[in-house]
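Note: the block below is start_37.cif and it holds mmCIF, C-alpha atoms.
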data_protein
loop_
_atom_site.label_atom_id
_atom_site.label_comp_id
_atom_site.auth_asym_id
_atom_site.auth_seq_id
_atom_site.Cartn_x
_atom_site.Cartn_y
_atom_site.Cartn_z
CA MET C 1 33.52 86.49 -6.77
CA ILE C 2 30.60 86.01 -9.18
CA GLY C 3 32.97 84.80 -11.89
CA GLU C 4 34.39 82.12 -9.60
CA ALA C 5 30.95 81.05 -8.38
CA LEU C 6 29.69 80.93 -11.93
CA LYS C 7 32.36 78.54 -13.15
CA GLY C 8 30.86 75.61 -11.27
CA HIS C 9 27.48 76.20 -12.87
CA LEU C 10 28.53 77.23 -16.35
CA ASP C 11 27.57 73.89 -17.90
CA LEU C 12 24.04 74.15 -16.54
CA LEU C 13 23.69 77.72 -17.81
CA LEU C 14 24.97 76.89 -21.28
CA LEU C 15 22.75 73.82 -21.58
CA ALA C 16 19.75 75.84 -20.38
CA ILE C 17 20.35 78.59 -22.92
CA LEU C 18 20.73 76.07 -25.75
CA SER C 19 17.57 74.23 -24.67
CA GLU C 20 15.70 77.23 -26.11
CA GLY C 21 17.04 76.40 -29.55
CA PRO C 22 20.23 76.17 -31.59
CA ALA C 23 22.51 79.19 -31.36
CA HIS C 24 26.03 80.27 -32.18
CA GLY C 25 28.57 81.15 -29.53
CA TYR C 26 28.06 84.89 -29.76
CA ALA C 27 24.31 84.52 -29.26
CA VAL C 28 24.84 82.14 -26.33
CA ILE C 29 27.14 84.66 -24.64
CA GLU C 30 24.74 87.55 -25.29
CA SER C 31 21.88 85.50 -23.90
CA LEU C 32 23.90 84.64 -20.80
CA ARG C 33 24.66 88.32 -20.28
CA SER C 34 21.16 89.63 -20.96
CA LYS C 35 19.24 86.98 -18.97
CA SER C 36 21.43 87.70 -15.96
CA SER C 37 21.12 91.47 -16.49
CA GLY C 38 24.86 91.65 -16.95
CA THR C 39 25.72 89.74 -13.77
CA PHE C 40 27.20 86.79 -15.68
CA ASP C 41 29.79 88.71 -17.63
CA LEU C 42 32.68 86.29 -18.11
CA PRO C 43 35.42 86.96 -20.67
CA GLU C 44 33.69 85.79 -23.85
CA GLY C 45 36.70 83.78 -24.98
CA THR C 46 36.37 81.49 -21.98
CA ILE C 47 32.90 80.30 -23.05
CA TYR C 48 34.09 78.60 -26.24
CA PRO C 49 36.31 75.98 -24.58
CA ALA C 50 33.35 75.10 -22.33
CA LEU C 51 31.09 74.71 -25.37
CA HIS C 52 33.72 72.51 -27.04
CA ARG C 53 34.00 70.36 -23.93
CA LEU C 54 30.24 69.92 -23.73
CA GLU C 55 30.33 68.90 -27.37
CA SER C 56 33.09 66.37 -26.76
CA GLN C 57 30.99 64.95 -23.92
CA GLY C 58 28.13 64.45 -26.37
CA LEU C 59 25.87 66.98 -24.66
CA LEU C 60 25.97 69.37 -27.61
CA CYS C 61 26.53 69.00 -31.32
CA SER C 62 27.64 71.71 -33.71
CA SER C 63 27.57 72.48 -37.39
CA TRP C 64 28.71 75.40 -39.50
CA SER C 65 26.02 77.65 -40.94
CA GLU C 66 26.69 79.48 -44.19
CA ASP C 67 23.34 81.30 -44.17
CA SER C 68 24.60 84.73 -43.14
CA ALA C 69 27.47 86.77 -44.55
CA ARG C 70 29.77 85.16 -42.03
CA ARG C 71 30.25 81.46 -41.25
CA LYS C 72 28.94 80.61 -37.81
CA ARG C 73 29.25 77.50 -35.72
CA ILE C 74 25.81 76.62 -34.45
CA TYR C 75 25.45 74.61 -31.25
CA GLN C 76 22.49 72.42 -30.46
CA LEU C 77 21.47 70.33 -27.48
CA THR C 78 21.61 66.57 -28.02
CA PRO C 79 19.15 64.15 -26.38
CA LYS C 80 21.89 63.29 -23.88
CA GLY C 81 22.36 67.01 -23.24
CA GLN C 82 18.63 67.40 -22.63
CA GLN C 83 18.69 64.55 -20.10
CA THR C 84 21.71 66.06 -18.36
CA LEU C 85 20.02 69.45 -18.27
CA THR C 86 16.88 68.00 -16.66
CA ARG C 87 18.99 66.23 -14.05
CA ARG C 88 21.13 69.29 -13.33
CA GLN C 89 18.02 71.49 -13.04
CA GLU C 90 16.61 69.15 -10.41
CA GLU C 91 19.91 69.17 -8.53
CA TRP C 92 20.00 72.96 -8.72
CA LYS C 93 16.44 73.27 -7.38
CA LYS C 94 17.34 71.18 -4.33
CA PHE C 95 20.64 72.97 -3.84
CA SER C 96 19.25 76.49 -4.13
CA LYS C 97 16.29 75.65 -1.90
CA ALA C 98 18.68 74.39 0.76
CA ILE C 99 20.92 77.44 0.47
CA ASN C 100 17.97 79.84 0.62
CA ALA C 101 16.57 78.08 3.66
CA THR C 102 19.95 78.21 5.36
CA VAL C 103 20.76 81.85 4.69
CA GLY C 104 17.17 82.92 5.39
CA ILE C 105 16.02 84.22 2.00
CA MET J 1 48.92 96.79 -45.42
CA LYS J 2 48.67 97.27 -41.66
CA GLU J 3 47.26 94.38 -39.69
CA SER J 4 44.06 95.15 -37.74
CA ARG J 5 43.98 94.69 -33.97
CA ILE J 6 41.67 91.73 -34.44
CA GLN J 7 44.08 90.09 -36.88
CA THR J 8 46.98 90.70 -34.50
CA TYR J 9 45.02 89.16 -31.64
CA LEU J 10 44.06 86.14 -33.74
CA ARG J 11 47.63 85.63 -34.90
CA LYS J 12 48.95 85.75 -31.34
CA LEU J 13 46.17 83.51 -30.07
CA GLU J 14 46.90 80.96 -32.78
CA HIS J 15 50.59 81.06 -31.94
CA HIS J 16 49.99 80.48 -28.22
CA LEU J 17 47.47 77.71 -28.84
CA TRP J 18 49.78 76.14 -31.41
CA MET J 19 52.69 76.13 -28.97
CA ARG J 20 50.54 74.09 -26.60
CA GLY J 21 49.29 71.74 -29.28
CA LEU J 22 45.80 73.21 -28.99
CA ALA J 23 45.46 75.12 -32.27
CA ASP J 24 42.48 74.02 -34.27
CA ARG J 25 41.44 75.76 -37.49
CA GLU J 26 37.72 75.48 -36.74
CA ASP J 27 38.12 76.89 -33.23
CA LEU J 28 40.12 79.83 -34.56
CA ALA J 29 37.58 80.43 -37.33
CA GLU J 30 34.92 80.51 -34.64
CA VAL J 31 36.86 83.04 -32.58
CA GLU J 32 37.40 85.18 -35.68
CA SER J 33 33.70 85.05 -36.51
CA HIS J 34 32.85 86.08 -32.94
CA LEU J 35 35.24 89.02 -32.90
CA LEU J 36 34.14 90.28 -36.31
CA GLU J 37 30.51 90.07 -35.23
CA ALA J 38 31.31 92.00 -32.06
CA VAL J 39 33.12 94.69 -34.06
CA GLU J 40 30.24 94.90 -36.51
CA LEU J 41 27.80 95.38 -33.63
CA GLY J 42 30.01 98.11 -32.17
CA LEU J 43 30.06 99.92 -35.51
CA HIS J 44 26.26 99.71 -35.71
CA GLN J 45 26.10 101.27 -32.27
CA GLY J 46 28.08 104.23 -33.52
CA LEU J 47 31.53 103.36 -32.24
CA SER J 48 34.60 104.06 -34.34
CA LEU J 49 36.44 101.06 -35.75
CA GLU J 50 39.16 101.43 -33.15
CA GLU J 51 36.65 101.67 -30.29
CA ALA J 52 34.66 98.71 -31.61
CA GLU J 53 37.79 96.57 -31.90
CA THR J 54 38.95 97.61 -28.44
CA ARG J 55 35.61 96.73 -26.88
CA ALA J 56 35.40 93.41 -28.74
CA LEU J 57 38.86 92.38 -27.57
CA GLU J 58 38.30 93.54 -23.99
CA ARG J 59 35.10 91.53 -23.76
CA PHE J 60 36.69 88.48 -25.34
CA GLY J 61 39.46 88.38 -22.74
CA SER J 62 43.23 88.50 -22.78
CA ILE J 63 45.15 85.88 -24.74
CA LYS J 64 46.55 84.55 -21.47
CA ILE J 65 43.09 83.96 -19.98
CA VAL J 66 41.66 82.46 -23.15
CA VAL J 67 44.61 80.11 -23.76
CA SER J 68 44.63 78.97 -20.16
CA THR J 69 40.88 78.20 -20.35
CA PHE J 70 41.38 76.23 -23.55
CA GLU J 71 44.16 74.31 -21.84
CA LYS J 72 42.10 73.54 -18.73
CA GLU J 73 39.03 72.46 -20.68
CA ARG J 74 40.95 70.26 -23.12
CA LYS J 75 42.29 67.64 -20.74
CA ASP J 76 41.94 64.85 -23.21
CA VAL J 77 42.32 61.16 -22.46
CA MET J 78 45.46 60.86 -24.58
CA GLN J 79 47.35 63.22 -22.24
CA ASN J 80 46.48 61.04 -19.25
CA ILE J 81 47.41 57.83 -21.08
CA LEU J 82 50.81 59.24 -22.08
CA LEU J 83 51.40 60.38 -18.50
CA ALA J 84 50.47 56.94 -17.16
CA VAL J 85 52.87 55.29 -19.65
CA ALA J 86 55.59 57.73 -18.54
CA MET J 87 55.08 56.82 -14.90
CA LEU J 88 55.10 53.09 -15.62
CA ALA J 89 58.24 53.42 -17.74
CA GLY J 90 59.89 55.47 -14.99
CA LEU J 91 58.97 52.97 -12.29
CA PHE J 92 60.23 50.11 -14.45
CA SER J 93 63.54 51.94 -15.00
CA ALA J 94 63.88 52.48 -11.25
CA TYR J 95 63.21 48.79 -10.67
CA VAL J 96 65.85 47.79 -13.22
CA ASP J 97 68.32 50.29 -11.74
CA SER J 98 67.78 48.89 -8.25
CA ARG J 99 68.75 45.34 -9.28
CA PRO J 100 72.20 44.42 -7.93
CA THR J 101 73.08 42.73 -11.22
CA TRP J 102 72.42 45.90 -13.26
CA ASP J 103 75.31 48.30 -13.67
CA ASP J 104 74.88 49.83 -17.12
CA THR J 105 73.99 53.42 -16.25
CA GLY J 106 74.58 54.60 -19.80
CA ILE J 107 71.84 52.40 -21.23
CA LEU J 108 69.44 53.47 -18.50
CA ALA J 109 70.19 57.19 -19.03
CA GLY J 110 69.71 56.74 -22.78
CA GLY J 111 66.48 54.87 -22.12
CA LEU J 112 65.09 57.69 -19.96
CA LEU J 113 66.01 60.19 -22.66
CA MET J 114 64.43 58.14 -25.45
CA ILE J 115 61.19 57.32 -23.59
CA SER J 116 60.63 60.95 -22.60
CA GLY J 117 61.35 62.14 -26.11
CA PHE J 118 59.04 59.54 -27.62
CA LEU J 119 56.14 60.45 -25.32
CA THR J 120 56.30 64.19 -26.03
CA LEU J 121 56.77 63.43 -29.72
CA LEU J 122 53.51 61.47 -29.54
CA GLY J 123 51.75 64.56 -28.29
CA HIS J 124 52.03 65.22 -24.57
CA ARG J 125 51.81 68.98 -24.13
CA LYS J 126 53.91 69.29 -20.96
CA PRO J 127 57.49 68.12 -21.45
CA TRP J 128 58.48 68.96 -17.84
CA LEU J 129 55.72 66.72 -16.52
CA ILE J 130 56.73 63.81 -18.73
CA ALA J 131 60.37 64.27 -17.71
CA LEU J 132 59.36 64.22 -14.06
CA ALA J 133 57.07 61.19 -14.46
CA VAL J 134 59.81 59.23 -16.24
CA GLY J 135 62.85 60.39 -14.35
CA ILE J 136 61.94 61.08 -10.73
CA TRP J 137 61.78 57.47 -9.55
CA ILE J 138 65.48 56.57 -9.82
CA PRO J 139 66.70 59.60 -7.82
CA LEU J 140 63.86 59.18 -5.31
CA HIS J 141 64.87 55.58 -4.66
CA ASP J 142 68.56 56.37 -4.50
CA ILE J 143 68.11 59.49 -2.34
CA TYR J 144 66.05 57.39 0.06
CA LEU J 145 68.97 54.97 0.32
CA SER J 146 71.97 57.31 0.19
CA HIS J 147 70.59 60.81 1.02
CA ASP J 148 72.66 62.13 -1.88
CA PHE J 149 70.62 64.87 -3.57
CA ARG J 150 73.12 65.16 -6.43
CA LEU J 151 71.29 62.17 -7.87
CA LEU J 152 68.56 64.60 -8.96
CA LEU J 153 70.90 65.35 -11.86
CA VAL J 154 69.56 62.13 -13.39
CA LEU J 155 66.49 64.23 -14.26
CA LEU J 156 68.57 66.02 -16.87
CA PHE J 157 68.31 63.03 -19.22
CA PRO J 158 64.51 62.84 -19.36
CA LEU J 159 64.33 66.65 -19.46
CA VAL J 160 66.58 66.78 -22.52
CA GLY J 161 64.64 63.94 -24.12
CA ALA J 162 61.21 65.41 -23.36
CA TYR J 163 62.04 68.88 -24.65
CA GLY J 164 63.83 67.33 -27.64
CA GLY J 165 60.73 65.32 -28.59
CA TRP J 166 58.53 68.36 -28.01
CA LEU J 167 60.69 70.51 -30.29
CA VAL J 168 60.70 67.85 -33.01
CA ARG J 169 56.89 67.68 -32.79
CA LEU J 170 56.64 71.48 -33.10
CA GLY J 171 58.97 71.32 -36.09
CA ILE J 172 56.90 68.62 -37.77
CA ARG J 173 53.67 70.51 -37.14
CA LYS J 174 55.20 73.72 -38.46
CA THR J 175 56.27 71.92 -41.62
CA LEU J 176 52.88 70.32 -42.14
CA HIS J 177 50.80 73.37 -41.14
CA PRO J 178 52.83 76.51 -41.71
CA ALA J 179 51.20 79.46 -39.86
#
Encoding of this model in structure tokens:
Amino acid sequence: MIGEALKGHLDLLLLAILSEGPAHGYAVIESLRSKSSGTFDLPEGTIYPALHRLESQGLLCSSWSEDSARRKRIYQLTPKGQQTLTRRQEEWKKFSKAINATVGI
Amino acid sequence: MKESRIQTYLRKLEHHLWMRGLADREDLAEVESHLLEAVELGLHQGLSLEEAETRALERFGSIKIVVSTFEKERKDVMQNILLAVAMLAGLFSAYVDSRPTWDDTGILAGGLLMISGFLTLLGHRKPWLIALAVGIWIPLHDIYLSHDFRLLLVLLFPLVGAYGGWLVRLGIRKTLHPA
């Protein structure tokens, strides 16, 4: 149930996490899990295609880091991604406010 | 030397992605990096290698789920263009076939086979869809007129062509990028 509901909002969550700074996929997934206290626990392998899609849409850019012992692909929000995030956050505020008001929270 | 569970998973994942024309060296390197990091973390937490690998793979998701997500997310423009060309070519063939002056079925059947093969050779990942987009229009038109469902056999030509082109493309890719 949560997994299905999450899919529609995954872009917003990924953009929000990356707005805190560049990160590699593993860190993004860990952040998603820890910030949601384990509620958003999708199969990790399904996050990468979403990151790649956001990159192909110009919302993220990536580069390979050789700093650590292992090569890591680091994702970063682009200016277009930042704009999209701001817009999606506003939409989410309105949407969640309406839902809360309707269900009586 | 025995292959680790992570290596086995990566090999199978690459194979499944490759079969769908989705394999990308950078994407696979990223998956490998992720899994190795997850295993490393498990080892730091006191798990055995086997337990750490098991947990890393469970959290990453089954090959089926991961491949299907890659496929859904990678609906690139080229796939849609090739499908549109297939539909246009199919409609044109049906138009030609419907002309009273046209009676060369052999040329038309060969044309359906060639077009379908060419479009999957160019990179469409779903041969059955290309075959349908190219070949469904002639039987649809004729069934509408004659109610003879045996005309669906016409679909065999684009199906053979589409899967032929797809196999040739796999062969070319295998030659250029041996696994």
**Asked** Distance CA of Arg73 in chain C-CA of His24 in chain C, one decimal place?
**Response**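 Taking CA of Arg73 in chain C and CA of His24 in chain C, their separation equals 5.5 Å.
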**Request:** Return the single residue from J:Ala56, J:Leu88, J:Leu140, J:Ile65 that is closest to Ser33 in chain J, with distances computed using all atoms listed in the file.
**Result:** J:Ala56
**Message:** With all atoms listed in the file considered, list every residue of chain J at most 6 Å from chain C, as a PyMOL selection string.
**Reply:** chain J and resi 34+59-61+66+69-70+73
**Request:** To one decimal in Å, tell me the separation between CA of Ala101 in chain C and CA of Arg88 in chain C.
**Result:**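 CA of Ala101 in chain C sits 19.7 Å away from CA of Arg88 in chain C.
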**Asked** Residues picked by the PyMOL selection byres ((chain J and resi 54) around 12) here, as JSON, numbers by chain?
**Response** {"J": [4, 5, 6, 9, 35, 36, 38, 39, 42, 43, 47, 48, 49, 50, 51, 52, 53, 55, 56, 57, 58, 59, 60, 61, 62]}
**Request:** Would you mind listing what lies within 12 Å of Pro158 in chain J as a PyMOL selection string, with all atoms listed in the file counted and same-chain residues fewer than 6 positions away left out?
**Result:** chain J and resi 86+89-90+93+108-120+127-138+152+164-166
Quick one: write out the picked residues with C-alpha atoms as a tab-separated table (two decimals), keeping the file's coordinate frame?
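File produced: selection_1.tsv:
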chain	number	residue	atom	x	y	z
J	86	ALA	CA	55.59	57.73	-18.54
J	89	ALA	CA	58.24	53.42	-17.74
J	90	GLY	CA	59.89	55.47	-14.99
J	93	SER	CA	63.54	51.94	-15.00
J	108	LEU	CA	69.44	53.47	-18.50
J	109	ALA	CA	70.19	57.19	-19.03
J	110	GLY	CA	69.71	56.74	-22.78
J	111	GLY	CA	66.48	54.87	-22.12
J	112	LEU	CA	65.09	57.69	-19.96
J	113	LEU	CA	66.01	60.19	-22.66
J	114	MET	CA	64.43	58.14	-25.45
J	115	ILE	CA	61.19	57.32	-23.59
J	116	SER	CA	60.63	60.95	-22.60
J	117	GLY	CA	61.35	62.14	-26.11
J	118	PHE	CA	59.04	59.54	-27.62
J	119	LEU	CA	56.14	60.45	-25.32
J	120	THR	CA	56.30	64.19	-26.03
J	127	PRO	CA	57.49	68.12	-21.45
J	128	TRP	CA	58.48	68.96	-17.84
J	129	LEU	CA	55.72	66.72	-16.52
J	130	ILE	CA	56.73	63.81	-18.73
J	131	ALA	CA	60.37	64.27	-17.71
J	132	LEU	CA	59.36	64.22	-14.06
J	133	ALA	CA	57.07	61.19	-14.46
J	134	VAL	CA	59.81	59.23	-16.24
J	135	GLY	CA	62.85	60.39	-14.35
J	136	ILE	CA	61.94	61.08	-10.73
J	137	TRP	CA	61.78	57.47	-9.55
J	138	ILE	CA	65.48	56.57	-9.82
J	152	LEU	CA	68.56	64.60	-8.96
J	164	GLY	CA	63.83	67.33	-27.64
J	165	GLY	CA	60.73	65.32	-28.59
J	166	TRP	CA	58.53	68.36	-28.01
**Output of the PyMOL selection byres ((chain J and resi 167) around 12), listed as a ChimeraX atom specification** = /J:19-21,117-118,120-127,160-166,168-174
Would you save the residues from that selection as a PDB file, in the frame of the given file, using C-alpha atoms?
ATOM      1  CA  MET J  19      52.690  76.130 -28.970  1.00  0.00           C
ATOM      2  CA  ARG J  20      50.540  74.090 -26.600  1.00  0.00           C
ATOM      3  CA  GLY J  21      49.290  71.740 -29.280  1.00  0.00           C
ATOM      4  CA  GLY J 117      61.350  62.140 -26.110  1.00  0.00           C
ATOM      5  CA  PHE J 118      59.040  59.540 -27.620  1.00  0.00           C
ATOM      6  CA  THR J 120      56.300  64.190 -26.030  1.00  0.00           C
ATOM      7  CA  LEU J 121      56.770  63.430 -29.720  1.00  0.00           C
ATOM      8  CA  LEU J 122      53.510  61.470 -29.540  1.00  0.00           C
ATOM      9  CA  GLY J 123      51.750  64.560 -28.290  1.00  0.00           C
ATOM     10  CA  HIS J 124      52.030  65.220 -24.570  1.00  0.00           C
ATOM     11  CA  ARG J 125      51.810  68.980 -24.130  1.00  0.00           C
ATOM     12  CA  LYS J 126      53.910  69.290 -20.960  1.00  0.00           C
ATOM     13  CA  PRO J 127      57.490  68.120 -21.450  1.00  0.00           C
ATOM     14  CA  VAL J 160      66.580  66.780 -22.520  1.00  0.00           C
ATOM     15  CA  GLY J 161      64.640  63.940 -24.120  1.00  0.00           C
ATOM     16  CA  ALA J 162      61.210  65.410 -23.360  1.00  0.00           C
ATOM     17  CA  TYR J 163      62.040  68.880 -24.650  1.00  0.00           C
ATOM     18  CA  GLY J 164      63.830  67.330 -27.640  1.00  0.00           C
ATOM     19  CA  GLY J 165      60.730  65.320 -28.590  1.00  0.00           C
ATOM     20  CA  TRP J 166      58.530  68.360 -28.010  1.00  0.00           C
ATOM     21  CA  VAL J 168      60.700  67.850 -33.010  1.00  0.00           C
ATOM     22  CA  ARG J 169      56.890  67.680 -32.790  1.00  0.00           C
ATOM     23  CA  LEU J 170      56.640  71.480 -33.100  1.00  0.00           C
ATOM     24  CA  GLY J 171      58.970  71.320 -36.090  1.00  0.00           C
ATOM     25  CA  ILE J 172      56.900  68.620 -37.770  1.00  0.00           C
ATOM     26  CA  ARG J 173      53.670  70.510 -37.140  1.00  0.00           C
ATOM     27  CA  LYS J 174      55.200  73.720 -38.460  1.00  0.00           C
TER      28      LYS J 174
END
**Request:** Write out as a list in words the residues lying within 12 Å of Ser31 in chain C, counting all atoms listed in the file and excluding same-chain residues fewer than 3 positions away.
**Result:**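 In the requested form, the answer reads Leu13, Leu14, Leu15, Ala16, Ile17, Leu18, Glu20, Gly21, Ala23, His24, Gly25, Tyr26, Ala27, Val28, Ser34, Lys35, Ser36, Ser37, Gly38, Thr39, Phe40, Asp41 and Glu44 of chain C.
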**Prompt:** Between CA of Cys61 in chain C and CA of Gln76 in chain C, what is the distance, to one decimal in Å?
**Reply:** 5.4 Å
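Counting all atoms listed in the file and comparing J:Pro100, J:Leu10, J:His44, J:Leu91, the residue that lies closest to Ala23 in chain J is J:Leu10.
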**Near-Leu60 in chain C list (7 Å; only C-alpha atoms; drop same-chain fewer than 2 positions) as a PyMOL selection string** = chain C and resi 54-55+58+62+75-78+81
